[in-house]
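What follows is a single structure, written as structure tokens, with notes after it.
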Amino acid sequence: MNKKAIALMSGGLDSTLAVRLLHDMGIEILGAHFTGPFCTCDRGNEGCMSYARIIAKELGIQFKIYSLGKEYMEIVANPPHGYGSGVNPCIDCRILLLKKAKELMDEEGASFIVTGDVVGQRPMSQLRKKIELIDRDSGLGGLILRPLSAKELPETIPEKEGIVDRTKLLGITGRRRKEQMDLAKKLDIGDYPCPAGGCLLTDKNFAARIRDLMAHEGLELATVPLLKIGRHYRLENGAKVVIGRNQAENEKLERMAKDADVLFIPEKVMGPSAILRAKDPESDQIELTATMLAAFCDGEGPVEVSYRQNSKQSTINVQHTSRDLYSSSRI
Ligand code: SF4
């Protein structure tokens, strides 16, 4: 066993502290940041990825970014260890990340893996029993070092072999972050505003959209961006309607509309854009979608709506109705 480790770096404080502790002990670290389709940090240069990169640069360590795609979607659709409060497959998500880190460990000739996990901090993946399960099912038992909680966990192989000094590791547990904040102050580390609350899959409303998609269309990576914007409705016949909530979403909807979708835009009045996604969009579905869109337009009179279906542009006139009429089909 050598003094080289792969560290999972989320960009948040816990993983930063974990890396810093090991780095200060003279362990060579390669930081790995994994992004997925449901990350909440997609703020360009301000997201978690950038914070992780900054930290790696400050410490002078190697840093790599990996995008999780198809494999990740498979565990979201069918997680062997089940979901948390939303459709978050946290246990399988952690196992997948650790398996990816193991691949990197083998490629890079590293000996063990470092994470910022804190025992008891997150209910689904950081309870002691869950940590044991993750270690076992990732096939990495004894090779995952959690410096912030190490004294609360069984000794790992790098500790047993004297690669890492267990006396310098910590025994933090629980959801309070006071000890981490104190340590950050002592080590002169800024708290990076990376949310610690989990990804979009933990969000109740977003989870409802995922469940609906799995029930009606199947979960595909390409569909995820549409789930993140607009008001979503599932019509009785299985068709889906998405209506923009602001100018930025209207523009995104217009860009996201596939050839097979019907794209609606109101004429002469201010109002949102909408997409109808159906197997073979029929005239009653088109009329209903235009009417739903009109309910979000300014004014109270009839609304002229233009729509594009298979590159063919048409218009339809519909009455202004109450939005409440459609609330039962809202996802
Ligand atoms: S909250 Fe999301 S990203 Fe975090 S472990 Fe759970 S599934 Fe994975």
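Convention: chains lettered A, B, ... in structure tokens order; per-chain residue numbering from 1; ligands numbered from 1 as shown.
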Environment of ligand 1 within 6 Å, counting only C-alpha atoms and all ligand atoms, reported as a ChimeraX atom specification: /A:88-90,93-94,198-199,201
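Distances to Asp182 (chain A) were evaluated for A:Leu17, A:Thr289, A:Arg323, A:Asp92 using only C-alpha atoms, and the minimum falls at A:Leu17.
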Would you mind telling me which residue in A:Pro225, A:Leu30, A:Ala52, A:Ile95 lies nearest to Arg136 (chain A) when using only C-alpha atoms? A:Ile95
Find the spatial neighbours of Asp284 (chain A), counting only C-alpha atoms, within a cut-off of 12 Å - ignore same-chain residues fewer than 6 positions away - and output them as an MDAnalysis selection string. chainID A and resid 235:237 239 276 278 290:291 316 318
Residues within 12 Å of Glu107 (chain A), only C-alpha atoms, excluding chain neighbours under 5 positions, as a ChimeraX atom specification: /A:5-6,30,100-102
Residue nearest Gly244 (chain A) among A:Gly218, A:Gly230, A:Gly36, A:Gly139 (counting only C-alpha atoms): A:Gly230
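Distances here use only C-alpha atoms; by that measure, the residue among A:Gly271, A:Gly171, A:Pro123, A:Gly86 closest to Ala208 (chain A) is A:Gly86.
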Compare A:Met49, A:Ile29, A:Ile286, A:Leu133 by their minimum atom-to-atom distance to Leu263 (chain A), counting only C-alpha atoms, and give me the closest one. A:Ile286
With a distance cut-off of 10 Å and only C-alpha atoms, select the neighbouring residues of Ile113 (chain A), excluding the residue or stretch itself and same-chain residues fewer than 2 positions from it, and output the selection as a PyMOL selection string. chain A and resi 4-8+29-31+98+101-102+104-105+110-111+115+140+142-146+158
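From CA of Val118 (chain A) back to CA of Phe63 (chain A), the distance works out to 22.4 Å.
DSSP annotation of region 10-235 of chain A from backbone atoms: strand (DSSP E or B) residues are Glu28, Ile29, Leu30, Gly31, Ala32, His33, Phe34, Thr35, Gln62, Phe63, Lys64, Ile65, Tyr66, Ser67, Phe112, Ile113, Val114, Val119, Ile144, Leu145, Thr173, Arg231, His232, Tyr233 and Arg234 of chain A.
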Written selection (C-alpha atoms) as a PDB file, in the first residue's frame:
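Saved to part-v5.pdb:
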```
ATOM      1  CA  GLU A  28      -0.763  12.333  -2.138  1.00  0.00           C
ATOM      2  CA  ILE A  29      -4.350  13.094  -3.160  1.00  0.00           C
ATOM      3  CA  LEU A  30      -6.083  12.971  -6.508  1.00  0.00           C
ATOM      4  CA  GLY A  31      -9.398  14.802  -6.204  1.00  0.00           C
ATOM      5  CA  ALA A  32     -12.360  13.404  -8.176  1.00  0.00           C
ATOM      6  CA  HIS A  33     -15.531  15.413  -8.634  1.00  0.00           C
ATOM      7  CA  PHE A  34     -18.601  13.605  -9.974  1.00  0.00           C
ATOM      8  CA  THR A  35     -21.462  15.526 -11.529  1.00  0.00           C
ATOM      9  CA  GLN A  62      -4.451  16.747  -9.120  1.00  0.00           C
ATOM     10  CA  PHE A  63      -8.139  17.092  -9.933  1.00  0.00           C
ATOM     11  CA  LYS A  64     -10.475  15.320 -12.350  1.00  0.00           C
ATOM     12  CA  ILE A  65     -14.161  15.742 -13.198  1.00  0.00           C
ATOM     13  CA  TYR A  66     -16.454  12.875 -14.189  1.00  0.00           C
ATOM     14  CA  SER A  67     -19.999  13.072 -15.524  1.00  0.00           C
ATOM     15  CA  PHE A 112      -7.365   3.891  -0.900  1.00  0.00           C
ATOM     16  CA  ILE A 113     -10.304   6.290  -1.130  1.00  0.00           C
ATOM     17  CA  VAL A 114     -11.098   9.321   1.000  1.00  0.00           C
ATOM     18  CA  VAL A 119     -21.507   9.421  10.536  1.00  0.00           C
ATOM     19  CA  ILE A 144     -12.617   3.832   2.302  1.00  0.00           C
ATOM     20  CA  LEU A 145     -11.257   6.311   4.818  1.00  0.00           C
ATOM     21  CA  THR A 173     -20.861  12.553  14.209  1.00  0.00           C
ATOM     22  CA  ARG A 231     -45.461  23.672 -15.104  1.00  0.00           C
ATOM     23  CA  HIS A 232     -46.037  20.010 -15.981  1.00  0.00           C
ATOM     24  CA  TYR A 233     -49.405  18.360 -16.664  1.00  0.00           C
ATOM     25  CA  ARG A 234     -50.300  14.777 -17.551  1.00  0.00           C
TER      26      ARG A 234
END
```
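Minimum atom-to-atom distance to Asp14 (chain A), evaluated using only C-alpha atoms, belongs to A:Arg175 out of A:Arg128, A:His320, A:Arg175, A:Arg277.
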Could you tell me, as a PyMOL selection string, which residues of region 70-232 of chain A DSSP assigns to alpha helix (DSSP H) when given the backbone? chain A and resi 70-77+90-108+128-137+157-160+178-186+204-216+224-227
